[in-house]
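Student: So here's run10.tsv, just TSV, C-alpha atoms and all ligand atoms:
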```
chain	number	residue	atom	x	y	z
X	30	MET	CA	-56.82	120.34	-6.47
X	31	GLN	CA	-54.65	117.63	-4.89
X	32	LYS	CA	-52.11	118.95	-2.36
X	33	PRO	CA	-48.44	118.15	-3.05
X	34	PHE	CA	-47.02	115.04	-1.37
X	35	GLN	CA	-45.39	115.58	2.03
X	36	LYS	CA	-43.20	112.96	3.71
X	37	ASP	CA	-45.05	113.50	7.00
X	38	LEU	CA	-48.43	112.94	5.28
X	39	SER	CA	-49.67	116.41	6.29
X	40	HIS	CA	-51.14	116.72	2.77
X	41	SER	CA	-53.72	114.00	3.56
X	42	THR	CA	-56.45	113.24	6.07
X	43	TRP	CA	-56.25	109.83	7.77
X	44	GLU	CA	-59.46	108.88	5.93
X	45	GLU	CA	-57.60	109.51	2.66
X	46	VAL	CA	-54.61	107.46	3.85
X	47	TYR	CA	-57.01	104.65	4.81
X	48	ALA	CA	-58.62	104.80	1.35
X	49	ARG	CA	-55.16	104.40	-0.22
X	50	GLN	CA	-54.48	101.41	2.04
X	51	VAL	CA	-57.71	99.84	0.74
X	52	GLN	CA	-56.61	100.54	-2.87
X	53	ARG	CA	-53.48	98.41	-2.35
X	54	ALA	CA	-55.27	95.65	-0.42
X	55	ASP	CA	-54.16	93.11	-3.06
X	56	LEU	CA	-50.61	93.34	-1.72
X	57	VAL	CA	-51.50	92.27	1.81
X	58	PRO	CA	-52.04	88.47	1.39
X	59	ALA	CA	-48.47	88.04	0.08
X	60	TRP	CA	-47.09	89.94	3.11
X	61	ILE	CA	-49.10	87.72	5.48
X	62	GLU	CA	-48.00	84.56	3.67
X	63	ALA	CA	-44.33	85.62	3.61
X	64	LEU	CA	-44.40	86.24	7.37
X	65	GLY	CA	-45.90	82.76	7.85
X	66	LEU	CA	-48.55	84.27	10.11
X	67	LYS	CA	-50.90	81.88	11.85
X	68	ALA	CA	-53.45	81.93	14.64
X	69	GLY	CA	-51.91	82.98	17.95
X	70	ASP	CA	-48.89	84.81	16.47
X	71	ARG	CA	-47.74	88.26	17.64
X	72	VAL	CA	-46.81	90.60	14.83
X	73	LEU	CA	-45.41	94.11	14.81
X	74	ASP	CA	-47.11	96.43	12.29
X	75	VAL	CA	-44.52	99.18	11.86
X	76	GLY	CA	-46.05	102.53	10.90
X	77	SER	CA	-49.58	101.11	10.93
X	78	GLY	CA	-51.20	104.41	9.94
X	79	PRO	CA	-55.02	104.37	10.21
X	80	GLY	CA	-55.05	100.60	10.41
X	81	TYR	CA	-56.38	98.81	7.34
X	82	VAL	CA	-53.43	96.40	7.32
X	83	SER	CA	-53.44	95.99	11.12
X	84	LEU	CA	-57.04	94.78	10.87
X	85	ALA	CA	-56.10	92.25	8.16
X	86	LEU	CA	-53.22	91.02	10.35
X	87	ALA	CA	-55.59	90.77	13.33
X	88	ASP	CA	-57.96	88.69	11.26
X	89	ARG	CA	-55.13	86.25	10.49
X	90	VAL	CA	-53.68	85.92	14.02
X	91	GLY	CA	-57.17	85.65	15.54
X	92	PRO	CA	-58.32	86.41	19.09
X	93	ASP	CA	-55.41	84.45	20.64
X	94	GLY	CA	-52.81	86.44	18.69
X	95	LEU	CA	-51.69	90.04	18.95
X	96	VAL	CA	-50.92	92.86	16.53
X	97	TYR	CA	-48.72	95.67	17.84
X	98	ALA	CA	-49.81	98.66	15.72
X	99	VAL	CA	-47.06	101.25	16.15
X	100	ASP	CA	-47.33	104.72	14.68
X	101	ARG	CA	-45.94	108.14	15.57
X	102	SER	CA	-49.36	109.69	14.83
X	103	ARG	CA	-51.92	109.54	17.65
X	104	GLU	CA	-54.61	110.66	15.15
X	105	ALA	CA	-53.87	107.70	12.87
X	106	LEU	CA	-54.16	105.35	15.85
X	107	ALA	CA	-57.41	107.03	16.94
X	108	HIS	CA	-58.79	106.15	13.49
X	109	LEU	CA	-57.78	102.53	14.06
X	110	GLU	CA	-59.27	102.58	17.58
X	111	ARG	CA	-62.67	103.65	16.17
X	112	LEU	CA	-62.61	100.77	13.67
X	113	GLN	CA	-61.60	98.29	16.37
X	114	LYS	CA	-64.53	99.38	18.54
X	115	GLU	CA	-66.99	99.17	15.63
X	116	ARG	CA	-65.79	95.65	14.79
X	117	ASN	CA	-65.14	94.48	18.33
X	118	ILE	CA	-61.47	93.60	17.65
X	119	SER	CA	-59.37	93.44	20.82
X	120	GLN	CA	-56.21	91.71	19.54
X	121	ILE	CA	-54.60	94.96	18.34
X	122	GLN	CA	-52.47	96.91	20.80
X	123	ARG	CA	-51.95	100.48	19.59
X	124	ILE	CA	-48.62	102.09	20.51
X	125	ALA	CA	-47.99	105.78	19.79
X	126	ALA	CA	-44.21	105.99	19.35
X	127	ASP	CA	-41.37	106.56	16.94
X	128	VAL	CA	-40.44	103.04	15.80
X	129	GLY	CA	-36.82	104.13	15.54
X	130	THR	CA	-36.54	104.61	19.30
X	131	LEU	CA	-39.30	102.38	20.72
X	132	ASN	CA	-38.10	100.20	23.63
X	133	SER	CA	-38.99	96.54	23.67
X	134	GLY	CA	-40.71	96.77	27.10
X	135	ASP	CA	-43.50	94.22	27.13
X	136	LEU	CA	-43.42	93.83	23.37
X	137	HIS	CA	-42.74	90.25	22.17
X	138	ALA	CA	-43.23	90.08	18.42
X	139	ASP	CA	-42.64	86.94	16.33
X	140	SER	CA	-42.34	88.94	13.10
X	141	ALA	CA	-42.65	92.45	11.69
X	142	LEU	CA	-44.24	94.18	8.71
X	143	VAL	CA	-42.59	97.39	7.50
X	144	ALA	CA	-44.87	98.34	4.61
X	145	MET	CA	-44.90	101.71	2.82
X	146	VAL	CA	-43.27	103.36	5.83
X	147	LEU	CA	-39.59	103.94	5.10
X	148	HIS	CA	-40.19	106.69	2.52
X	149	HIS	CA	-42.13	108.57	5.23
X	150	ALA	CA	-39.52	108.04	7.96
X	151	ASP	CA	-36.96	110.70	8.94
X	152	ASP	CA	-34.41	107.98	9.78
X	153	PRO	CA	-35.25	104.84	7.77
X	154	ALA	CA	-31.98	103.12	8.70
X	155	GLY	CA	-32.77	103.80	12.39
X	156	VAL	CA	-36.26	102.30	11.97
X	157	LEU	CA	-34.84	99.08	10.52
X	158	GLY	CA	-32.10	98.99	13.17
X	159	ASN	CA	-34.66	99.17	15.95
X	160	VAL	CA	-37.01	96.65	14.33
X	161	HIS	CA	-34.01	94.29	14.35
X	162	ARG	CA	-33.53	94.96	18.10
X	163	LEU	CA	-37.24	94.34	18.78
X	164	LEU	CA	-37.28	90.91	17.10
X	165	ALA	CA	-35.89	87.58	18.29
X	166	PRO	CA	-33.08	85.80	16.38
X	167	CYS	CA	-34.28	84.21	13.10
X	168	ALA	CA	-37.54	86.21	13.15
X	169	ARG	CA	-38.89	87.31	9.78
X	170	ALA	CA	-39.79	90.73	8.51
X	171	VAL	CA	-41.36	91.99	5.30
X	172	VAL	CA	-40.18	95.34	3.97
X	173	ALA	CA	-42.38	96.73	1.17
X	174	GLU	CA	-42.03	99.96	-0.78
X	175	PHE	CA	-42.97	101.78	-4.00
X	176	HIS	CA	-40.60	101.09	-6.89
X	177	PRO	CA	-38.82	104.17	-8.29
X	178	GLN	CA	-39.22	102.77	-11.82
X	179	GLY	CA	-42.98	102.24	-11.42
X	180	PRO	CA	-45.50	104.24	-13.46
X	181	CYS	CA	-46.25	106.43	-10.38
X	182	GLU	CA	-49.99	106.32	-11.10
X	183	GLN	CA	-50.58	105.72	-7.39
X	184	GLY	CA	-48.49	106.11	-4.24
X	185	ALA	CA	-45.52	108.33	-3.53
X	186	PRO	CA	-44.10	110.51	-6.35
X	187	ARG	CA	-40.95	109.15	-8.00
X	188	GLU	CA	-38.55	111.50	-6.22
X	189	PHE	CA	-39.67	110.17	-2.82
X	190	ARG	CA	-39.42	106.47	-3.76
X	191	LEU	CA	-36.61	104.31	-2.39
X	192	ALA	CA	-34.51	102.11	-4.64
X	193	PRO	CA	-34.47	98.44	-3.61
X	194	GLU	CA	-30.65	98.62	-3.44
X	195	GLN	CA	-30.89	101.43	-0.85
X	196	VAL	CA	-33.43	99.54	1.25
X	197	ARG	CA	-31.30	96.42	1.02
X	198	ALA	CA	-28.19	98.31	2.23
X	199	TRP	CA	-30.15	99.64	5.24
X	200	TYR	CA	-31.58	96.28	6.34
X	201	GLU	CA	-28.28	94.48	5.83
X	202	ALA	CA	-26.54	97.11	7.98
X	203	ALA	CA	-29.28	96.52	10.59
X	204	GLY	CA	-28.47	92.79	10.67
X	205	PHE	CA	-31.16	91.29	8.42
X	206	ALA	CA	-30.41	88.84	5.60
X	207	VAL	CA	-32.55	88.62	2.47
X	208	LEU	CA	-34.69	85.54	1.87
X	209	GLU	CA	-36.60	86.81	-1.16
X	210	TYR	CA	-37.11	89.86	-3.36
X	211	ARG	CA	-40.36	90.21	-5.30
X	212	ARG	CA	-41.78	92.89	-7.62
X	213	GLN	CA	-45.40	92.65	-6.47
X	214	SER	CA	-46.71	94.97	-9.18
X	215	PRO	CA	-45.24	97.63	-11.49
X	216	GLU	CA	-45.61	100.08	-8.55
X	217	HIS	CA	-44.60	97.88	-5.61
X	218	TYR	CA	-41.81	95.62	-4.39
X	219	MET	CA	-41.19	93.61	-1.25
X	220	PHE	CA	-38.28	91.99	0.54
X	221	VAL	CA	-38.66	89.04	2.88
X	222	VAL	CA	-35.80	89.21	5.37
X	223	GLU	CA	-34.64	87.27	8.40
X	224	ARG	CA	-32.96	88.54	11.54
X	225	ALA	CA	-29.53	87.01	12.00
X	226	ALA	CA	-29.33	84.21	14.59
X	301	LIG	C1	-48.49	105.29	4.37
X	301	LIG	S1	-48.77	105.23	6.08
X	301	LIG	C2	-49.33	103.60	6.47
X	301	LIG	C3	-48.50	102.46	5.96
X	301	LIG	C4	-49.06	101.11	6.35
X	301	LIG	N1	-48.00	100.35	6.97
X	301	LIG	C5	-49.54	100.41	5.09
X	301	LIG	O1	-48.96	99.37	4.72
X	301	LIG	O2	-50.49	100.85	4.49
X	301	LIG	C6	-47.13	105.36	6.77
X	301	LIG	C7	-47.18	105.55	8.29
X	301	LIG	O3	-45.85	105.47	8.82
X	301	LIG	C8	-45.82	106.29	9.98
X	301	LIG	N2	-44.41	106.53	10.32
X	301	LIG	C9	-43.42	107.03	9.54
X	301	LIG	N3	-42.25	107.06	10.21
X	301	LIG	C10	-42.50	106.56	11.45
X	301	LIG	C11	-41.71	106.33	12.60
X	301	LIG	N4	-40.40	106.62	12.62
X	301	LIG	N5	-42.29	105.79	13.70
X	301	LIG	C12	-43.62	105.50	13.70
X	301	LIG	N6	-44.43	105.69	12.65
X	301	LIG	C13	-43.89	106.21	11.52
X	301	LIG	C14	-46.62	107.52	9.56
X	301	LIG	O4	-47.10	108.25	10.68
X	301	LIG	C15	-47.74	106.88	8.73
X	301	LIG	O5	-48.89	106.66	9.50
```
Take the structure in the file and write it out as structure tokens.

Tutor:
Amino acid sequence: MQKPFQKDLSHSTWEEVYARQVQRADLVPAWIEALGLKAGDRVLDVGSGPGYVSLALADRVGPDGLVYAVDRSREALAHLERLQKERNISQIQRIAADVGTLNSGDLHADSALVAMVLHHADDPAGVLGNVHRLLAPCARAVVAEFHPQGPCEQGAPREFRLAPEQVRAWYEAAGFAVLEYRRQSPEHYMFVVERAA
């Protein structure tokens, strides 16, 4: 029997989380396109989990680019590390940290992807606030989530889903302005946002 959903993902193995990332692979090209990613770019993958999306981002930015895969789970990042070694992908830097408090340090990201993370975060407003601090003026971010009015056939149960209005209030408070809102599927929506100049 399936274990009940937990915000911290303790109901799942990282292999299961990876399999769910693969299930929603169709969403990824629109995120990449909205970020305007090209060869040589440096992109922050916020809450990368076991890394399916980080690998797709790495494919787009190529060997001269860089993906910062940040996750609070060392086990999730170990899963990504294994895949990187198998595929000989070096342009992903794994960072085990809470994105809400991560310092910029040597991190220089042109854009950020915040996909299917906020409903797992203890402080989603803090995550968006710090992503804003980590990006340069006018940088883009994509924020994607499960829609509370979706059929809930996959992804988080309805009671854990975040309304677009709530997400919008958080990123506006953080200092992002909306460029586009899109319902990607009955289950999923995305915002394309820009950091204020
Ligand atoms: C559903 S998973 C992977 C989502 C992935 N971005 C995707 O699009 O498939 C969500 C991840 O967010 C991570 N996470 C949640 N809150 C976080 C935080 N404050 N800092 C870092 N990682 C966080 C979890 O550990 C988990 O691996």

Student: Write out, as a Markdown table, each residue of chain X that has an atom at most 8 Å from ligand LIG 301 (chain X), together with the closest pair of atoms and their distance in Å to one decimal, counting all atoms listed in the file, rows going by chain and rising number.

Tutor:
```
| residue | atom | partner | partner_atom | distance |
| --- | --- | --- | --- | --- |
| X:Asp37 | CA | X:LIG301 | C14 | 6.7 |
| X:Leu38 | CA | X:LIG301 | C15 | 7.0 |
| X:Val46 | CA | X:LIG301 | C1 | 6.5 |
| X:Tyr47 | CA | X:LIG301 | O2 | 7.6 |
| X:Arg49 | CA | X:LIG301 | O2 | 7.5 |
| X:Gln50 | CA | X:LIG301 | O2 | 4.7 |
| X:Arg53 | CA | X:LIG301 | O2 | 7.9 |
| X:Asp74 | CA | X:LIG301 | N1 | 6.7 |
| X:Val75 | CA | X:LIG301 | N1 | 6.1 |
| X:Gly76 | CA | X:LIG301 | O3 | 3.6 |
| X:Ser77 | CA | X:LIG301 | N1 | 4.3 |
| X:Gly78 | CA | X:LIG301 | O5 | 3.3 |
| X:Pro79 | CA | X:LIG301 | O5 | 6.6 |
| X:Gly80 | CA | X:LIG301 | C4 | 7.3 |
| X:Tyr81 | CA | X:LIG301 | O2 | 6.9 |
| X:Val82 | CA | X:LIG301 | O1 | 6.0 |
| X:Val99 | CA | X:LIG301 | C12 | 6.0 |
| X:Asp100 | CA | X:LIG301 | N6 | 3.7 |
| X:Arg101 | CA | X:LIG301 | C12 | 4.0 |
| X:Ser102 | CA | X:LIG301 | O4 | 4.9 |
| X:Ala105 | CA | X:LIG301 | O5 | 6.1 |
| X:Ala125 | CA | X:LIG301 | C12 | 7.5 |
| X:Ala126 | CA | X:LIG301 | C12 | 5.7 |
| X:Asp127 | CA | X:LIG301 | N5 | 3.5 |
| X:Val128 | CA | X:LIG301 | N5 | 3.9 |
| X:Gly129 | CA | X:LIG301 | N4 | 5.2 |
| X:Thr130 | CA | X:LIG301 | N4 | 8.0 |
| X:Leu142 | CA | X:LIG301 | N1 | 7.4 |
| X:Val143 | CA | X:LIG301 | N1 | 6.2 |
| X:Ala144 | CA | X:LIG301 | O1 | 4.2 |
| X:Met145 | CA | X:LIG301 | C3 | 4.8 |
| X:Val146 | CA | X:LIG301 | C6 | 4.4 |
| X:Leu147 | CA | X:LIG301 | N3 | 6.6 |
| X:His148 | CA | X:LIG301 | C9 | 7.7 |
| X:His149 | CA | X:LIG301 | C9 | 4.8 |
| X:Ala150 | CA | X:LIG301 | N3 | 3.7 |
| X:Asp151 | CA | X:LIG301 | N4 | 6.5 |
| X:Asp152 | CA | X:LIG301 | N4 | 6.8 |
| X:Pro153 | CA | X:LIG301 | N4 | 7.3 |
| X:Val156 | CA | X:LIG301 | N4 | 6.0 |
| X:Ala173 | CA | X:LIG301 | O1 | 7.9 |
```

Student: Please save C-alpha atoms of the selected residues as a CSV table (one decimal), keeping the file's coordinate frame.

Tutor:
```csv
chain,number,residue,atom,x,y,z
X,37,ASP,CA,-45.0,113.5,7.0
X,38,LEU,CA,-48.4,112.9,5.3
X,46,VAL,CA,-54.6,107.5,3.8
X,47,TYR,CA,-57.0,104.6,4.8
X,49,ARG,CA,-55.2,104.4,-0.2
X,50,GLN,CA,-54.5,101.4,2.0
X,53,ARG,CA,-53.5,98.4,-2.4
X,74,ASP,CA,-47.1,96.4,12.3
X,75,VAL,CA,-44.5,99.2,11.9
X,76,GLY,CA,-46.0,102.5,10.9
X,77,SER,CA,-49.6,101.1,10.9
X,78,GLY,CA,-51.2,104.4,9.9
X,79,PRO,CA,-55.0,104.4,10.2
X,80,GLY,CA,-55.0,100.6,10.4
X,81,TYR,CA,-56.4,98.8,7.3
X,82,VAL,CA,-53.4,96.4,7.3
X,99,VAL,CA,-47.1,101.2,16.2
X,100,ASP,CA,-47.3,104.7,14.7
X,101,ARG,CA,-45.9,108.1,15.6
X,102,SER,CA,-49.4,109.7,14.8
X,105,ALA,CA,-53.9,107.7,12.9
X,125,ALA,CA,-48.0,105.8,19.8
X,126,ALA,CA,-44.2,106.0,19.4
X,127,ASP,CA,-41.4,106.6,16.9
X,128,VAL,CA,-40.4,103.0,15.8
X,129,GLY,CA,-36.8,104.1,15.5
X,130,THR,CA,-36.5,104.6,19.3
X,142,LEU,CA,-44.2,94.2,8.7
X,143,VAL,CA,-42.6,97.4,7.5
X,144,ALA,CA,-44.9,98.3,4.6
X,145,MET,CA,-44.9,101.7,2.8
X,146,VAL,CA,-43.3,103.4,5.8
X,147,LEU,CA,-39.6,103.9,5.1
X,148,HIS,CA,-40.2,106.7,2.5
X,149,HIS,CA,-42.1,108.6,5.2
X,150,ALA,CA,-39.5,108.0,8.0
X,151,ASP,CA,-37.0,110.7,8.9
X,152,ASP,CA,-34.4,108.0,9.8
X,153,PRO,CA,-35.2,104.8,7.8
X,156,VAL,CA,-36.3,102.3,12.0
X,173,ALA,CA,-42.4,96.7,1.2
```

Student: Work out how far atom CA of Trp43 of chain X is from atom CA of Glu188 of chain X, in Å to one decimal.

Tutor: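 For atom CA of Glu188 of chain X relative to atom CA of Trp43 of chain X, the distance reads 22.6 Å.
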
Student: Distance atom CA of Leu64 of chain X-atom CA of Glu104 of chain X, one decimal place?

Tutor: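 Calculated distance between atom CA of Leu64 of chain X and atom CA of Glu104 of chain X is 27.6 Å.
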
Student: May I ask which of the residues X:Val72, X:Leu66, X:Leu84, X:Leu163 is the closest one to Ala141 of chain X, counting all atoms listed in the file?

Tutor: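 Distance minimum relative to Ala141 of chain X lands on X:Val72.
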
Student: In Å, how far is it from atom CA of Gly179 of chain X to atom CA of Ala54 of chain X?

Tutor: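 These two atoms are separated by 17.8 Å.
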
Student: Looking at all atoms listed in the file, which of X:Leu106, X:Ala98, X:Ala226, X:Ala63 is the one that sits closest to Leu164 of chain X?

Tutor: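 The shortest atom-to-atom distance to Leu164 of chain X comes from X:Ala226.
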
Student: Would you tabulate, counting all atoms listed in the file, all residues of segment 85-194 of chain X that have an atom at most 8 Å from an atom of segment 201-205 of chain X, showing the closest pair of atoms and their distance in Å to one decimal, sorted by chain then ascending number, as a Markdown table?

Tutor:
```
| residue | atom | partner | partner_atom | distance |
| --- | --- | --- | --- | --- |
| X:Ala154 | CA | X:Ala203 | CA | 7.4 |
| X:Leu157 | CA | X:Ala203 | CA | 6.1 |
| X:Gly158 | CA | X:Ala203 | CA | 4.6 |
| X:His161 | CA | X:Ala203 | CA | 6.4 |
```

Student: From the list X:Ala48, X:Ala87, X:Met219, X:Val160, which residue is nearest Asn132 of chain X when using all atoms listed in the file?

Tutor: X:Val160

Student: Out of X:Pro58, X:Gly155, X:Pro33, X:Gly94, which residue has the shortest atom-to-atom distance to Tyr200 of chain X when counting all atoms listed in the file?

Tutor: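 Smallest distance to Tyr200 of chain X is found for X:Gly155.
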
Student: Centre and edge lengths, as AutoDock Vina command-line options, for the axis-aligned box enclosing every listed atom of segment 68-80 of chain X with 8 Å of padding on each of the six sides, in Å to one decimal?

Tutor:
```
--center_x -49.8 --center_y 93.2 --center_z 13.9 --size_x 26.5 --size_y 38.5 --size_z 24.0
```

Student: From the list X:Ile121, X:Val207, X:Arg103, X:His176, which residue is nearest Leu86 of chain X when using only C-alpha atoms?

Tutor: X:Ile121

Student: Considering all atoms listed in the file, can you say which of X:Asp93, X:Asp70, X:Glu174, X:Asp135 comes closest to Ser119 of chain X?

Tutor: X:Asp93

Student: Since the input has fewer atoms than a full residue there, write segment 134-165 of chain X out with N, CA and C atoms, as a short mmCIF file (atom, residue, chain, number, x, y, z; two decimals), in the coordinates of the input.

Tutor:
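Once everything was written out, this is out_23.cif:
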```
data_model
loop_
_atom_site.label_atom_id
_atom_site.label_comp_id
_atom_site.auth_asym_id
_atom_site.auth_seq_id
_atom_site.Cartn_x
_atom_site.Cartn_y
_atom_site.Cartn_z
N GLY X 134 -39.72 96.84 26.01
CA GLY X 134 -40.71 96.77 27.10
C GLY X 134 -41.40 95.43 27.15
N ASP X 135 -42.73 95.47 27.08
CA ASP X 135 -43.50 94.22 27.13
C ASP X 135 -43.79 93.66 25.74
N LEU X 136 -43.10 94.21 24.75
CA LEU X 136 -43.42 93.83 23.37
C LEU X 136 -42.65 92.55 22.99
N HIS X 137 -43.38 91.52 22.56
CA HIS X 137 -42.74 90.25 22.17
C HIS X 137 -43.30 89.85 20.81
N ALA X 138 -42.70 90.34 19.76
CA ALA X 138 -43.23 90.08 18.42
C ALA X 138 -42.48 88.92 17.77
N ASP X 139 -43.25 88.06 17.07
CA ASP X 139 -42.64 86.94 16.33
C ASP X 139 -42.13 87.40 14.97
N SER X 140 -42.71 88.48 14.44
CA SER X 140 -42.34 88.94 13.10
C SER X 140 -42.77 90.41 12.96
N ALA X 141 -42.34 91.02 11.87
CA ALA X 141 -42.65 92.45 11.69
C ALA X 141 -42.96 92.75 10.23
N LEU X 142 -43.90 93.67 10.04
CA LEU X 142 -44.24 94.18 8.71
C LEU X 142 -43.86 95.66 8.66
N VAL X 143 -43.04 95.99 7.67
CA VAL X 143 -42.59 97.39 7.50
C VAL X 143 -43.03 97.80 6.09
N ALA X 144 -44.31 98.14 5.94
CA ALA X 144 -44.87 98.34 4.61
C ALA X 144 -45.17 99.82 4.36
N MET X 145 -44.62 100.34 3.29
CA MET X 145 -44.90 101.71 2.82
C MET X 145 -44.64 102.74 3.92
N VAL X 146 -43.60 102.50 4.69
CA VAL X 146 -43.27 103.36 5.83
C VAL X 146 -41.94 104.09 5.62
N LEU X 147 -40.95 103.38 5.09
CA LEU X 147 -39.59 103.94 5.10
C LEU X 147 -39.50 105.26 4.35
N HIS X 148 -40.28 105.43 3.27
CA HIS X 148 -40.19 106.69 2.52
C HIS X 148 -40.86 107.84 3.28
N HIS X 149 -41.56 107.53 4.37
CA HIS X 149 -42.13 108.57 5.23
C HIS X 149 -41.24 108.84 6.45
N ALA X 150 -40.29 107.96 6.71
CA ALA X 150 -39.52 108.04 7.96
C ALA X 150 -38.38 109.05 7.83
N ASP X 151 -38.09 109.75 8.94
CA ASP X 151 -36.96 110.70 8.94
C ASP X 151 -35.64 109.94 8.99
N ASP X 152 -35.65 108.76 9.62
CA ASP X 152 -34.41 107.98 9.78
C ASP X 152 -34.72 106.51 9.44
N PRO X 153 -34.86 106.20 8.14
CA PRO X 153 -35.25 104.84 7.77
C PRO X 153 -34.27 103.77 8.25
N ALA X 154 -32.97 104.10 8.23
CA ALA X 154 -31.98 103.12 8.70
C ALA X 154 -32.18 102.86 10.20
N GLY X 155 -32.52 103.93 10.95
CA GLY X 155 -32.77 103.80 12.39
C GLY X 155 -34.01 102.95 12.65
N VAL X 156 -35.05 103.11 11.82
CA VAL X 156 -36.26 102.30 11.97
C VAL X 156 -35.91 100.82 11.81
N LEU X 157 -35.17 100.50 10.75
CA LEU X 157 -34.84 99.08 10.52
C LEU X 157 -33.91 98.55 11.61
N GLY X 158 -32.99 99.40 12.08
CA GLY X 158 -32.10 98.99 13.17
C GLY X 158 -32.88 98.64 14.42
N ASN X 159 -33.90 99.45 14.72
CA ASN X 159 -34.66 99.17 15.95
C ASN X 159 -35.61 98.00 15.77
N VAL X 160 -36.17 97.83 14.57
CA VAL X 160 -37.01 96.65 14.33
C VAL X 160 -36.16 95.39 14.56
N HIS X 161 -34.92 95.43 14.13
CA HIS X 161 -34.01 94.29 14.35
C HIS X 161 -33.84 94.04 15.86
N ARG X 162 -33.69 95.12 16.64
CA ARG X 162 -33.53 94.96 18.10
C ARG X 162 -34.80 94.42 18.75
N LEU X 163 -35.96 94.74 18.17
CA LEU X 163 -37.24 94.34 18.78
C LEU X 163 -37.60 92.88 18.49
N LEU X 164 -36.94 92.27 17.50
CA LEU X 164 -37.28 90.91 17.10
C LEU X 164 -36.29 89.90 17.68
N ALA X 165 -36.75 88.67 17.81
CA ALA X 165 -35.89 87.58 18.29
C ALA X 165 -35.03 87.07 17.13
#
```
